[in-house]
Structure formats: structure tokens, C-alpha cells
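Visitor: One structure coming up, written as C-alpha cells, with questions to follow.
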Amino acid sequence: MEPVVERELVLPAGPEEVWESLAEPAWLGDDAQVDLRPAGDVRAGSRTGFVEWADAPRGLAFWWSEEGEEATRVEIALEEVEEGTRLTVIESRPLALLDAVGSDLHLDLGVERRGTPELIAR
């Protein structure tokens with residue numbers, strides 16, 4: 001997988017309607033489950049994970065992986081546009097970035113370093 005995969009499409013429905021469809025996890029597969037709240041479960045086939053944050057009807061982010069594989073982070077953003085709702089999906093491998101750059105990534109980016117518990121709690 002590339003470090004970041006981004007896809008965008010416009011749906012002919014309002015953000016609230018698109019959000020409701022995210023609660024019906026068939027978009028992830030027949031046996032999928034998504035609990036749209038922080039720390040909620042995410043399951044689809046052999047992938048499992050958790051919801052990092054959810055803000056109806058603006059979007060959500062979750063982490064997931066197959067057993068023995070590196071976790072990826074999926075962020076879904078909903079934005080109201082004239083034609084309906086722009087849905088943006090970004091799947092990334094932030095842990096791979098940390099592995100490649102090291103724990104001093106904050107120095108490279110010029111930002112204040114925050115503790116891991118604070119990052120996970122976001």
C-alpha cells in the first residue's frame with residue numbers, strides 16, 4: 001500500500017443522509033460492523049479496529065488491520081457542496097512514517113512534541 005491513498009466523490013445527497021448510510025456498514029462488506037462513536041468497534045472480513053473519532057455529520061476516523069499486518073488509519077470527511085456531499089476518504093500508514101523518520105518527527109515538522117497518550121485520545 002502507498003503511504004497515503006486518497007479518493008473523493010460527490011454524492012447527490014445531504015451530509016446527514018450520507019452519515020446515516022455510513023452507519024449501515026454494507027459499504028465495507030457483507031459482514032461489516034461499524035460503531036460510529038469514539039472507541040467503537042470496526043469489523044470487515046478479517047480486518048478489525050476501532051473508531052478514533054466521529055463527528056456526525058462531518059466525518060470520522062478509524063484504525064484497522066488484519067491480524068499480523070500494520071494498522072492503517074482511515075479518515076472520512078463529509079462536506080456539503082452545491083451538488084450534494086463531497087465524500088473524501090484518506091487511508092494512511094502513520095505508523096510507517098514514524099518508523100521511517102523516527103520518534104523525532106516533531107523536530108522535522110517544527111511542532112511541539114506531545115505524548116503518545118494525548119495522540120491516541122484525540
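In the C-alpha cells, each chain is lettered A, B, ... as it comes, each chain's residues begin at 1, and ligands are numbered from 1 in order of appearance.
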Find the residues near Glu79 (chain A): any atom within 10 Å, counting only C-alpha atoms, skip ones fewer than 4 places away on the same chain, and give them as JSON, numbers by chain.
Guide: {"A": [10, 14, 15, 57, 58, 59, 84, 85, 86, 87, 88]}
Visitor: Which neighbours of Asp41 (chain A) fall inside 12 Å, counting only C-alpha atoms, when residues of the same chain fewer than 6 positions from it are skipped, and could you give them as a PDB file with C-alpha atoms, in the first residue's frame?
Guide:
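Written output follows (around22.pdb):
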ATOM      1  CA  PRO A  25     -21.744  -0.790   7.183  1.00  0.00           C
ATOM      2  CA  ALA A  32     -19.110  -5.483   8.343  1.00  0.00           C
ATOM      3  CA  GLN A  33     -19.835  -3.654  11.580  1.00  0.00           C
ATOM      4  CA  VAL A  34     -19.063  -0.033  12.472  1.00  0.00           C
ATOM      5  CA  ASP A  35     -19.953   1.538  15.819  1.00  0.00           C
ATOM      6  CA  ARG A  47      -9.974  -6.622   9.411  1.00  0.00           C
ATOM      7  CA  THR A  48     -10.696  -5.317  12.893  1.00  0.00           C
ATOM      8  CA  GLY A  49     -10.121  -1.985  14.553  1.00  0.00           C
ATOM      9  CA  PHE A  50     -11.599   0.936  16.432  1.00  0.00           C
ATOM     10  CA  VAL A  51     -13.121   4.351  15.780  1.00  0.00           C
ATOM     11  CA  GLU A  52     -10.703   7.152  16.706  1.00  0.00           C
ATOM     12  CA  TRP A  53     -13.256   9.960  16.453  1.00  0.00           C
ATOM     13  CA  ALA A  61     -11.592   8.348  11.525  1.00  0.00           C
ATOM     14  CA  PHE A  62     -10.820   4.760  12.376  1.00  0.00           C
ATOM     15  CA  TRP A  63      -7.847   2.422  12.592  1.00  0.00           C
ATOM     16  CA  TRP A  64      -7.929  -1.153  11.342  1.00  0.00           C
TER      17      TRP A  64
END
Visitor: Would you work out the distance separating CA of Pro12 (chain A) from CA of Ala26 (chain A), expressed in Å to one decimal?
Guide: 18.7 Å
Visitor: Residues within 9 Å of Ala56 (chain A), please, as a list in words. Count only C-alpha atoms; anything in the same chain fewer than 5 positions from it doesn't count.
Guide: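 Selected residues are Pro15, Glu16, Trp19, Glu20 and Leu36 of chain A.
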Visitor: Interatomic distance between CA of Asp30 (chain A) and CA of Arg93 (chain A)?
Guide: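 Atom-to-atom, CA of Asp30 (chain A) to CA of Arg93 (chain A), that is 25.1 Å.
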Visitor: Just give me the gap between CA of Pro3 (chain A) and CA of Ser21 (chain A) in Å, one decimal is fine.
Guide: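 So the answer is 27.5 Å.
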Visitor: Write down as an MDAnalysis selection string the residues of region 17-99 of chain A whose backbone DSSP state falls under helix (DSSP H, G or I).
Guide: chainID A and resid 17:23 25:28 94:99
Visitor: Let me see the file: selected residues, C-alpha atoms, as a PDB file, in the first residue's frame.
Guide:
ATOM      1  CA  GLU A  17     -28.184  11.264   4.729  1.00  0.00           C
ATOM      2  CA  VAL A  18     -24.638  10.227   3.805  1.00  0.00           C
ATOM      3  CA  TRP A  19     -23.748   9.978   7.519  1.00  0.00           C
ATOM      4  CA  GLU A  20     -26.745   7.678   8.093  1.00  0.00           C
ATOM      5  CA  SER A  21     -25.527   5.443   5.263  1.00  0.00           C
ATOM      6  CA  LEU A  22     -22.131   5.164   6.998  1.00  0.00           C
ATOM      7  CA  ALA A  23     -23.972   3.676   9.982  1.00  0.00           C
ATOM      8  CA  PRO A  25     -21.744  -0.790   7.183  1.00  0.00           C
ATOM      9  CA  ALA A  26     -22.580  -2.674   3.974  1.00  0.00           C
ATOM     10  CA  TRP A  27     -20.228  -0.199   2.254  1.00  0.00           C
ATOM     11  CA  LEU A  28     -17.382  -2.114   3.949  1.00  0.00           C
ATOM     12  CA  PRO A  94       1.109   6.938  10.007  1.00  0.00           C
ATOM     13  CA  LEU A  95       2.963   4.254  11.954  1.00  0.00           C
ATOM     14  CA  ALA A  96       5.108   3.535   8.870  1.00  0.00           C
ATOM     15  CA  LEU A  97       6.006   7.238   8.736  1.00  0.00           C
ATOM     16  CA  LEU A  98       7.121   7.126  12.358  1.00  0.00           C
ATOM     17  CA  ASP A  99       9.179   4.012  11.639  1.00  0.00           C
TER      18      ASP A  99
END
Visitor: For a quick check of understanding, using only C-alpha atoms, which of A:Leu60, A:Ser92, A:Asp55, A:Arg7 has the smallest distance to Arg73 (chain A)?
Guide: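 Of A:Leu60, A:Ser92, A:Asp55, A:Arg7, the one nearest Arg73 (chain A) is A:Ser92, counting only C-alpha atoms.
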Visitor: Write down as a ChimeraX atom specification the residues belonging to region 2-114 of chain A that are assigned strand (DSSP E or B) by DSSP computed on the backbone.
Guide: /A:4-11,33-34,41-44,47-55,59-66,72-81,84-92
Visitor: Using the selection just defined, write its residues with N, CA and C atoms as a short mmCIF file (atom, residue, chain, number, x, y, z; two decimals), in the first residue's frame.
Guide:
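This is the output file again10.cif:
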data_model
loop_
_atom_site.label_atom_id
_atom_site.label_comp_id
_atom_site.auth_asym_id
_atom_site.auth_seq_id
_atom_site.Cartn_x
_atom_site.Cartn_y
_atom_site.Cartn_z
N VAL A 4 -0.11 6.98 1.48
CA VAL A 4 -1.41 7.64 1.59
C VAL A 4 -2.20 7.37 0.31
N VAL A 5 -3.45 6.95 0.48
CA VAL A 5 -4.36 6.77 -0.65
C VAL A 5 -5.55 7.68 -0.38
N GLU A 6 -5.88 8.54 -1.34
CA GLU A 6 -6.99 9.48 -1.17
C GLU A 6 -7.95 9.35 -2.34
N ARG A 7 -9.23 9.29 -2.01
CA ARG A 7 -10.29 9.23 -3.02
C ARG A 7 -11.37 10.24 -2.64
N GLU A 8 -11.99 10.80 -3.66
CA GLU A 8 -13.03 11.81 -3.43
C GLU A 8 -14.15 11.60 -4.44
N LEU A 9 -15.39 11.74 -3.98
CA LEU A 9 -16.52 11.72 -4.90
C LEU A 9 -17.63 12.58 -4.33
N VAL A 10 -18.52 13.02 -5.21
CA VAL A 10 -19.66 13.84 -4.80
C VAL A 10 -20.90 12.97 -4.92
N LEU A 11 -21.67 12.93 -3.82
CA LEU A 11 -22.89 12.13 -3.76
C LEU A 11 -24.09 13.05 -3.81
N GLN A 33 -19.22 -4.31 10.43
CA GLN A 33 -19.83 -3.65 11.58
C GLN A 33 -19.03 -2.40 11.89
N VAL A 34 -19.72 -1.28 12.08
CA VAL A 34 -19.06 -0.03 12.47
C VAL A 34 -19.91 0.62 13.55
N ASP A 41 -16.22 -0.35 17.82
CA ASP A 41 -15.60 -1.41 17.03
C ASP A 41 -15.79 -1.20 15.53
N VAL A 42 -14.79 -1.62 14.77
CA VAL A 42 -14.85 -1.68 13.32
C VAL A 42 -14.46 -3.10 12.92
N ARG A 43 -15.30 -3.75 12.14
CA ARG A 43 -15.01 -5.10 11.66
C ARG A 43 -15.48 -5.22 10.22
N ALA A 44 -14.64 -5.80 9.39
CA ALA A 44 -14.99 -6.05 7.99
C ALA A 44 -14.12 -7.20 7.50
N ARG A 47 -10.52 -7.86 8.84
CA ARG A 47 -9.97 -6.62 9.41
C ARG A 47 -10.77 -6.23 10.64
N THR A 48 -10.05 -5.81 11.69
CA THR A 48 -10.70 -5.32 12.89
C THR A 48 -10.00 -4.04 13.32
N GLY A 49 -10.71 -3.23 14.09
CA GLY A 49 -10.12 -1.99 14.55
C GLY A 49 -11.06 -1.22 15.46
N PHE A 50 -10.81 0.09 15.55
CA PHE A 50 -11.60 0.94 16.43
C PHE A 50 -11.78 2.32 15.81
N VAL A 51 -12.85 2.98 16.22
CA VAL A 51 -13.12 4.35 15.78
C VAL A 51 -12.30 5.30 16.64
N GLU A 52 -11.51 6.15 15.99
CA GLU A 52 -10.70 7.15 16.71
C GLU A 52 -11.57 8.33 17.12
N TRP A 53 -12.33 8.86 16.17
CA TRP A 53 -13.26 9.96 16.45
C TRP A 53 -14.41 9.89 15.46
N ALA A 54 -15.54 10.45 15.86
CA ALA A 54 -16.71 10.52 15.00
C ALA A 54 -17.44 11.81 15.33
N ASP A 55 -17.80 12.56 14.30
CA ASP A 55 -18.47 13.84 14.47
C ASP A 55 -19.57 13.95 13.42
N GLY A 59 -17.83 13.71 9.75
CA GLY A 59 -16.87 12.68 9.39
C GLY A 59 -16.45 11.81 10.54
N LEU A 60 -15.48 10.96 10.27
CA LEU A 60 -14.95 10.07 11.28
C LEU A 60 -13.57 9.59 10.86
N ALA A 61 -12.87 8.99 11.81
CA ALA A 61 -11.59 8.35 11.52
C ALA A 61 -11.55 7.05 12.31
N PHE A 62 -11.00 6.02 11.68
CA PHE A 62 -10.82 4.76 12.38
C PHE A 62 -9.51 4.11 11.97
N TRP A 63 -9.05 3.22 12.83
CA TRP A 63 -7.85 2.42 12.59
C TRP A 63 -8.30 0.99 12.41
N TRP A 64 -7.62 0.25 11.51
CA TRP A 64 -7.93 -1.15 11.34
C TRP A 64 -6.77 -1.89 10.72
N SER A 65 -6.80 -3.22 10.86
CA SER A 65 -5.76 -4.05 10.27
C SER A 65 -6.24 -5.50 10.25
N GLU A 66 -5.55 -6.28 9.45
CA GLU A 66 -5.71 -7.72 9.51
C GLU A 66 -4.68 -8.23 10.50
N THR A 72 -3.70 0.62 9.52
CA THR A 72 -3.85 1.83 8.72
C THR A 72 -4.94 2.69 9.35
N ARG A 73 -4.88 3.97 9.06
CA ARG A 73 -5.86 4.93 9.56
C ARG A 73 -6.70 5.39 8.39
N VAL A 74 -8.02 5.34 8.55
CA VAL A 74 -8.94 5.77 7.52
C VAL A 74 -9.70 6.98 8.05
N GLU A 75 -9.64 8.08 7.30
CA GLU A 75 -10.40 9.27 7.67
C GLU A 75 -11.42 9.54 6.57
N ILE A 76 -12.66 9.75 6.98
CA ILE A 76 -13.75 10.04 6.05
C ILE A 76 -14.29 11.42 6.40
N ALA A 77 -14.27 12.32 5.43
CA ALA A 77 -14.77 13.69 5.63
C ALA A 77 -15.97 13.91 4.73
N LEU A 78 -17.00 14.54 5.28
CA LEU A 78 -18.20 14.88 4.54
C LEU A 78 -18.32 16.40 4.49
N GLU A 79 -18.48 16.92 3.29
CA GLU A 79 -18.58 18.38 3.12
C GLU A 79 -19.75 18.68 2.20
N GLU A 80 -20.64 19.54 2.67
CA GLU A 80 -21.79 19.91 1.85
C GLU A 80 -21.33 20.78 0.69
N VAL A 81 -21.76 20.42 -0.52
CA VAL A 81 -21.46 21.18 -1.72
C VAL A 81 -22.76 21.36 -2.49
N GLY A 84 -24.52 18.22 -3.56
CA GLY A 84 -24.85 17.25 -2.52
C GLY A 84 -23.79 17.23 -1.44
N THR A 85 -23.03 16.14 -1.37
CA THR A 85 -21.99 15.99 -0.35
C THR A 85 -20.72 15.47 -0.98
N ARG A 86 -19.62 16.17 -0.71
CA ARG A 86 -18.31 15.67 -1.13
C ARG A 86 -17.83 14.71 -0.04
N LEU A 87 -17.56 13.48 -0.44
CA LEU A 87 -17.04 12.45 0.46
C LEU A 87 -15.56 12.27 0.13
N THR A 88 -14.71 12.48 1.11
CA THR A 88 -13.28 12.30 0.93
C THR A 88 -12.81 11.20 1.87
N VAL A 89 -12.13 10.20 1.31
CA VAL A 89 -11.60 9.09 2.09
C VAL A 89 -10.08 9.10 1.95
N ILE A 90 -9.39 9.12 3.09
CA ILE A 90 -7.93 9.09 3.10
C ILE A 90 -7.51 7.91 3.97
N GLU A 91 -6.78 6.98 3.37
CA GLU A 91 -6.22 5.87 4.15
C GLU A 91 -4.71 6.04 4.17
N SER A 92 -4.16 6.02 5.37
CA SER A 92 -2.73 6.28 5.52
C SER A 92 -2.09 5.28 6.47
#
